[in-house]
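Participant: Data: start17.cif, mmCIF, C-alpha atoms.
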```cif
data_target
#
loop_
_atom_site.label_atom_id
_atom_site.label_comp_id
_atom_site.auth_asym_id
_atom_site.auth_seq_id
_atom_site.Cartn_x
_atom_site.Cartn_y
_atom_site.Cartn_z
CA MET A 9 72.45 110.63 93.42
CA SER A 10 73.78 112.32 96.53
CA ALA A 11 74.69 116.01 96.51
CA PRO A 12 78.34 116.78 95.75
CA ILE A 13 80.61 117.53 98.67
CA ILE A 14 81.23 121.29 98.53
CA ARG A 15 83.48 123.39 100.74
CA THR A 16 81.62 126.46 101.99
CA GLY A 17 84.20 127.86 104.38
CA GLY A 18 82.52 126.37 107.43
CA GLU A 19 83.35 123.17 109.30
CA PRO A 20 84.29 120.36 106.87
CA ASP A 21 81.55 117.75 106.42
CA ILE A 22 83.68 114.73 107.30
CA ALA A 23 80.60 112.53 107.62
CA ALA A 24 79.76 112.98 103.92
CA VAL A 25 83.13 111.60 102.83
CA ALA A 26 83.07 108.91 105.52
CA ALA A 27 79.69 107.71 104.27
CA LEU A 28 81.14 107.17 100.81
CA LEU A 29 84.12 105.25 102.17
CA ALA A 30 81.95 103.17 104.51
CA ASP A 31 80.90 101.02 101.55
CA ARG A 32 83.53 98.28 101.12
CA SER A 33 83.13 98.15 97.35
CA ARG A 34 83.77 101.87 96.97
CA ALA A 35 86.72 101.63 99.36
CA ARG A 36 88.20 98.81 97.27
CA LEU A 37 87.78 100.83 94.07
CA LEU A 38 89.65 103.76 95.60
CA SER A 39 92.35 101.48 97.00
CA ALA A 40 92.91 100.01 93.53
CA LEU A 41 93.79 103.52 92.32
CA LEU A 42 96.23 104.28 95.15
CA ASP A 43 99.26 103.56 93.00
CA GLY A 44 98.53 106.59 90.84
CA ARG A 45 97.31 104.71 87.77
CA ALA A 46 94.34 105.65 85.61
CA LEU A 47 92.21 102.56 84.90
CA PRO A 48 89.18 101.85 82.73
CA ALA A 49 86.07 100.77 84.61
CA GLY A 50 86.34 97.12 83.55
CA ARG A 51 89.94 96.76 84.71
CA LEU A 52 89.15 98.65 87.88
CA ALA A 53 86.22 96.34 88.63
CA ALA A 54 88.41 93.27 88.16
CA GLU A 55 91.20 94.57 90.41
CA ALA A 56 88.75 95.62 93.13
CA GLY A 57 86.65 92.45 92.89
CA VAL A 58 83.46 94.40 92.17
CA THR A 59 80.87 93.63 89.47
CA PRO A 60 80.87 95.96 86.43
CA GLN A 61 77.31 97.11 87.15
CA THR A 62 78.13 97.98 90.75
CA THR A 63 81.37 99.65 89.66
CA SER A 64 79.53 102.02 87.33
CA SER A 65 77.18 103.15 90.09
CA HIS A 66 79.96 103.62 92.63
CA LEU A 67 82.19 105.53 90.22
CA GLY A 68 79.33 107.92 89.55
CA ARG A 69 79.09 108.75 93.24
CA LEU A 70 82.85 109.08 93.65
CA LEU A 71 83.01 111.39 90.63
CA GLU A 72 80.20 113.53 91.99
CA ALA A 73 81.98 113.81 95.32
CA GLY A 74 85.23 114.86 93.67
CA LEU A 75 87.24 111.88 94.92
CA VAL A 76 88.06 110.56 91.44
CA THR A 77 88.42 112.10 88.00
CA VAL A 78 87.77 110.61 84.55
CA GLU A 79 89.50 111.10 81.21
CA ARG A 80 88.18 109.79 77.90
CA SER A 81 90.61 108.06 75.52
CA GLY A 82 89.00 106.60 72.41
CA ARG A 83 86.13 104.37 73.48
CA HIS A 84 87.32 104.08 77.05
CA ARG A 85 86.99 106.24 80.14
CA PHE A 86 89.96 106.11 82.50
CA TYR A 87 89.46 106.81 86.20
CA SER A 88 92.07 108.01 88.69
CA LEU A 89 92.22 109.55 92.15
CA ALA A 90 91.39 113.24 92.01
CA SER A 91 94.52 114.38 93.85
CA ALA A 92 97.42 113.42 96.07
CA GLU A 93 95.32 114.65 99.01
CA VAL A 94 92.77 111.87 98.35
CA ALA A 95 95.60 109.33 98.31
CA THR A 96 96.96 110.73 101.58
CA ALA A 97 93.56 110.46 103.26
CA LEU A 98 93.23 106.83 102.18
CA GLU A 99 96.73 106.05 103.45
CA ALA A 100 95.87 107.61 106.81
CA LEU A 101 92.67 105.57 107.07
CA GLY A 102 94.66 102.46 106.22
CA ARG A 103 96.85 103.19 109.21
CA LEU A 104 93.81 103.39 111.49
CA ALA A 105 91.89 100.44 110.03
CA PRO A 106 92.19 96.96 111.58
CA GLU A 107 94.24 94.56 109.51
CA PRO A 108 92.49 91.33 108.47
CA PRO A 109 94.06 88.23 110.03
CA ILE A 110 96.67 86.49 107.88
CA THR A 111 95.45 82.93 107.34
CA SER A 112 97.90 81.67 104.73
CA LEU A 113 101.58 81.84 103.82
CA ARG A 114 100.63 83.62 100.58
CA GLN A 115 98.88 86.38 102.50
CA GLY A 116 101.86 86.70 104.84
CA THR A 117 104.40 87.03 102.04
CA GLY A 118 102.13 89.52 100.26
CA ALA A 119 101.93 91.72 103.34
CA GLN A 120 105.71 91.57 103.68
CA ARG A 121 106.20 92.57 100.03
CA LEU A 122 103.87 95.52 100.55
CA ARG A 123 105.94 96.68 103.50
CA ASP A 124 109.26 96.16 101.71
CA ALA A 125 108.47 98.21 98.60
CA ARG A 126 105.29 99.82 97.32
CA THR A 127 103.98 102.94 95.69
CA CYS A 128 102.37 105.79 97.63
CA TYR A 129 100.38 107.51 94.88
CA ASP A 130 103.24 108.16 92.39
CA HIS A 131 106.37 107.78 94.54
CA LEU A 132 108.31 105.11 96.43
CA ALA A 133 107.16 104.00 99.88
CA GLY A 134 107.77 101.23 102.38
CA ARG A 135 111.23 100.21 103.52
CA LEU A 136 112.71 100.95 100.12
CA GLY A 137 111.24 104.45 99.98
CA VAL A 138 112.54 105.28 103.45
CA ARG A 139 115.97 103.76 102.70
CA VAL A 140 116.31 105.81 99.52
CA THR A 141 115.29 109.01 101.35
CA ALA A 142 117.80 108.31 104.14
CA HIS A 143 120.49 107.70 101.51
CA LEU A 144 119.74 111.05 99.84
CA VAL A 145 120.17 112.73 103.23
CA ASP A 146 123.47 110.89 103.81
CA ILE A 147 124.98 112.03 100.49
CA ALA A 148 123.84 115.67 100.89
CA VAL A 149 121.16 115.60 98.19
CA LEU A 150 118.72 116.54 100.96
CA ARG A 151 119.51 118.73 103.94
CA ARG A 152 117.33 118.68 107.06
CA THR A 153 116.12 122.17 107.98
CA ASP A 154 113.81 121.66 110.97
CA GLY A 155 116.42 120.49 113.47
CA GLY A 156 115.34 116.86 113.16
CA ASP A 157 117.54 113.83 112.64
CA GLY A 158 117.81 111.80 109.43
CA VAL A 159 114.39 110.62 108.30
CA HIS A 160 112.77 110.48 111.73
CA ARG A 161 109.46 112.32 111.66
CA SER A 162 108.91 115.53 113.54
CA HIS A 163 106.56 115.26 116.52
CA SER A 164 104.34 117.83 114.83
CA ASP A 165 103.65 115.48 111.90
CA ALA A 166 100.93 112.84 112.10
CA LEU A 167 101.48 109.24 111.07
CA SER A 168 100.75 108.39 107.43
CA SER A 169 100.28 111.96 106.32
CA PRO A 170 102.17 114.67 104.44
CA ALA A 171 104.80 116.54 106.43
CA HIS A 172 103.92 120.11 107.37
CA GLY A 173 105.84 122.28 104.93
CA SER A 174 109.11 120.61 104.01
CA PRO A 175 111.57 119.42 106.67
CA TYR A 176 114.31 119.35 104.00
CA GLU A 177 115.82 121.46 101.25
CA LEU A 178 118.00 120.46 98.33
CA GLY A 179 121.63 120.19 99.37
CA ALA A 180 124.84 121.28 97.72
CA ARG A 181 125.33 117.94 95.96
CA ALA A 182 121.74 117.49 94.81
CA ALA A 183 122.32 117.54 91.03
CA GLU A 184 125.35 115.23 91.22
CA GLY A 185 123.72 112.78 93.61
CA LEU A 186 120.43 112.58 91.71
CA ALA A 187 122.22 111.98 88.42
CA ARG A 188 123.40 108.64 89.83
CA TRP A 189 119.71 107.73 90.16
CA GLY A 190 118.97 108.78 86.59
CA VAL A 191 117.19 112.00 87.59
CA ASN A 192 118.03 115.28 85.82
CA LEU A 193 117.37 117.95 88.44
CA ALA A 194 117.57 120.88 86.01
CA ALA A 195 115.01 119.28 83.68
CA LEU A 196 112.74 118.48 86.62
CA ARG A 197 112.78 122.09 87.76
CA GLU A 198 112.13 123.32 84.23
CA HIS A 199 109.23 121.02 83.38
CA GLY A 200 107.68 120.48 86.81
CA ARG A 201 106.86 124.03 87.81
CA SER A 202 103.21 123.24 88.56
CA ARG A 203 104.20 120.87 91.37
CA PRO A 204 106.54 121.31 94.35
CA VAL A 205 109.84 119.51 93.78
CA LEU A 206 110.09 118.52 97.46
CA ARG A 207 107.28 116.99 99.46
CA PHE A 208 107.50 114.31 102.15
CA CYS A 209 105.11 111.79 103.70
CA THR A 210 105.33 109.98 107.00
CA ASP A 211 105.44 106.39 105.79
CA TRP A 212 102.45 104.28 106.79
CA THR A 213 104.43 101.17 107.81
CA GLU A 214 107.85 102.62 108.66
CA GLN A 215 106.64 105.77 110.49
CA ARG A 216 109.53 107.78 109.05
CA TYR A 217 109.74 110.17 106.13
CA HIS A 218 109.80 109.11 102.52
CA LEU A 219 110.29 111.42 99.55
CA ALA A 220 107.19 112.56 97.62
CA GLY A 221 106.47 115.56 95.37
CA GLY A 222 107.91 116.07 91.90
CA LEU A 223 111.29 114.64 92.85
CA GLY A 224 109.74 111.54 94.40
CA ALA A 225 107.71 110.92 91.25
CA ALA A 226 110.75 111.44 89.01
CA LEU A 227 112.80 109.01 91.06
CA LEU A 228 110.12 106.30 90.85
CA ARG A 229 109.87 106.79 87.09
CA SER A 230 113.62 106.46 86.79
CA VAL A 231 113.98 103.23 88.76
CA ARG A 232 111.07 101.75 86.80
CA ASP A 233 112.53 102.83 83.45
CA GLN A 234 115.89 101.33 84.38
CA GLY A 235 114.24 98.03 85.28
CA TRP A 236 115.22 98.13 88.93
CA VAL A 237 111.66 97.60 90.14
CA GLU A 238 108.54 96.19 88.53
CA ASP A 239 104.91 95.91 89.57
CA GLY A 240 104.12 93.06 91.95
CA PRO A 241 101.14 90.70 91.81
CA ARG A 242 98.92 93.00 93.88
CA PRO A 243 98.08 96.68 93.37
CA ARG A 244 100.77 99.03 94.73
CA GLU A 245 103.31 96.24 95.30
CA LEU A 246 106.77 96.76 93.85
CA VAL A 247 109.24 93.93 93.33
CA ILE A 248 112.96 94.64 93.14
CA THR A 249 114.43 92.84 90.11
CA ARG A 250 117.75 91.00 90.08
CA HIS A 251 119.29 93.90 88.16
CA GLY A 252 117.71 96.28 90.67
CA GLU A 253 119.16 94.41 93.63
CA GLU A 254 122.65 94.88 92.23
CA ALA A 255 122.14 98.54 91.28
CA LEU A 256 120.43 99.50 94.54
CA ALA A 257 122.98 97.64 96.65
CA ASP A 258 125.73 99.57 94.88
CA LEU A 259 123.99 102.90 95.49
CA LEU A 260 122.76 102.24 99.02
CA GLY A 261 125.83 100.34 100.16
CA ALA A 262 123.83 97.33 101.39
CA SER A 263 120.83 95.19 100.56
CA PRO A 264 117.93 97.43 99.54
CA ALA A 265 115.38 95.32 101.45
#
```
Turn this file's structure into structure tokens for me.

Facilitator:
Amino acid sequence: MSAPIIRTGGEPDIAAVAALLADRSRARLLSALLDGRALPAGRLAAEAGVTPQTTSSHLGRLLEAGLVTVERSGRHRFYSLASAEVATALEALGRLAPEPPITSLRQGTGAQRLRDARTCYDHLAGRLGVRVTAHLVDIAVLRRTDGGDGVHRSHSDALSSPAHGSPYELGARAAEGLARWGVNLAALREHGRSRPVLRFCTDWTEQRYHLAGGLGAALLRSVRDQGWVEDGPRPRELVITRHGEEALADLLGASPA
């Protein structure tokens, strides 16, 4: 086993993390967890296309490095990404990595679905995530505080990464506007004290802000619970249902795609 990656206050050992991610099997295992789920090793192996024996070895190294965590439930051990920061790093690497050539119509439609609507850890991303964030700005749920415009990223923020600080604050109509999305702002503030309500990411494909943090997670839970979106055929894909198309078009004032 390799030594765990430990911060000592000096220069970060980027090479140690890069060496772990350089193995395609380990990278696929981490990518399978990018939607925020906790999966047992067998399910994780199947989704990542890795043999169970290889999965066990790789998960041991990822655990030791602090990139994943494990929780026991009955006879099973469920693995998940260790933090939102790990998810952010993987998103950023995905932005830098070359895309494999699309050789079939199925691949092409899958890539389009991923761009249209997906999860980014535990919140909405892709075109839908950016559209929803822009809508919340338009109806005064969010108010821009850094002098920027709409959901366009600040020049100080890198692509596919968390925004520095928060470029927004909750607006005067936050509680009223969020109620239309099925989100109780007062309850979120009461029960989500361990996590910032407002965080924002620069979307990987759209290169504009989408909502993250406690509010982003609550909004994704709400649209899932109301049946507006459901999981697609590939990890992280979201598919807007027929009911969701009607509800989102009513809220957003146009087609959600």

Participant: Near Leu52 in chain A, counting only C-alpha atoms, which residues have an atom at most 12 Å away, once you skip same-chain residues fewer than 2 positions from it, shown as a ChimeraX atom specification?

Facilitator: /A:33-34,36-42,45-50,54-64,66-67,85-88,243

Participant: So what do you get for CA of Asp239 in chain A versus CA of Ala97 in chain A, distance-wise?

Facilitator: 23.0 Å

Participant: Expanded to explicit residues, what is the PyMOL selection byres ((chain A and resi 122-136) around 6) for this file, as a ChimeraX atom specification?

Facilitator: /A:42-44,119-121,137-139,220,224-225,228,244-246

Participant: Carefully work through the PyMOL selection byres ((chain A and resi 180-189) around 7) for this structure and note down the residues it includes, as an mmCIF file with C-alpha atoms, in the coordinates of the input.

Facilitator:
```
data_model
loop_
_atom_site.group_PDB
_atom_site.id
_atom_site.type_symbol
_atom_site.label_atom_id
_atom_site.label_comp_id
_atom_site.auth_asym_id
_atom_site.auth_seq_id
_atom_site.Cartn_x
_atom_site.Cartn_y
_atom_site.Cartn_z
ATOM 1 C CA ALA A 148 123.840 115.670 100.890
ATOM 2 C CA VAL A 149 121.160 115.600 98.190
ATOM 3 C CA LEU A 150 118.720 116.540 100.960
ATOM 4 C CA LEU A 178 118.000 120.460 98.330
ATOM 5 C CA GLY A 179 121.630 120.190 99.370
ATOM 6 C CA GLY A 190 118.970 108.780 86.590
ATOM 7 C CA VAL A 191 117.190 112.000 87.590
ATOM 8 C CA ASN A 192 118.030 115.280 85.820
ATOM 9 C CA LEU A 193 117.370 117.950 88.440
#
```

Participant: What does the structure give for the distance between CA of Gly222 in chain A and CA of Val78 in chain A, in Å to one decimal?

Facilitator: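 Calculated distance between CA of Gly222 in chain A and CA of Val78 in chain A is 22.1 Å.
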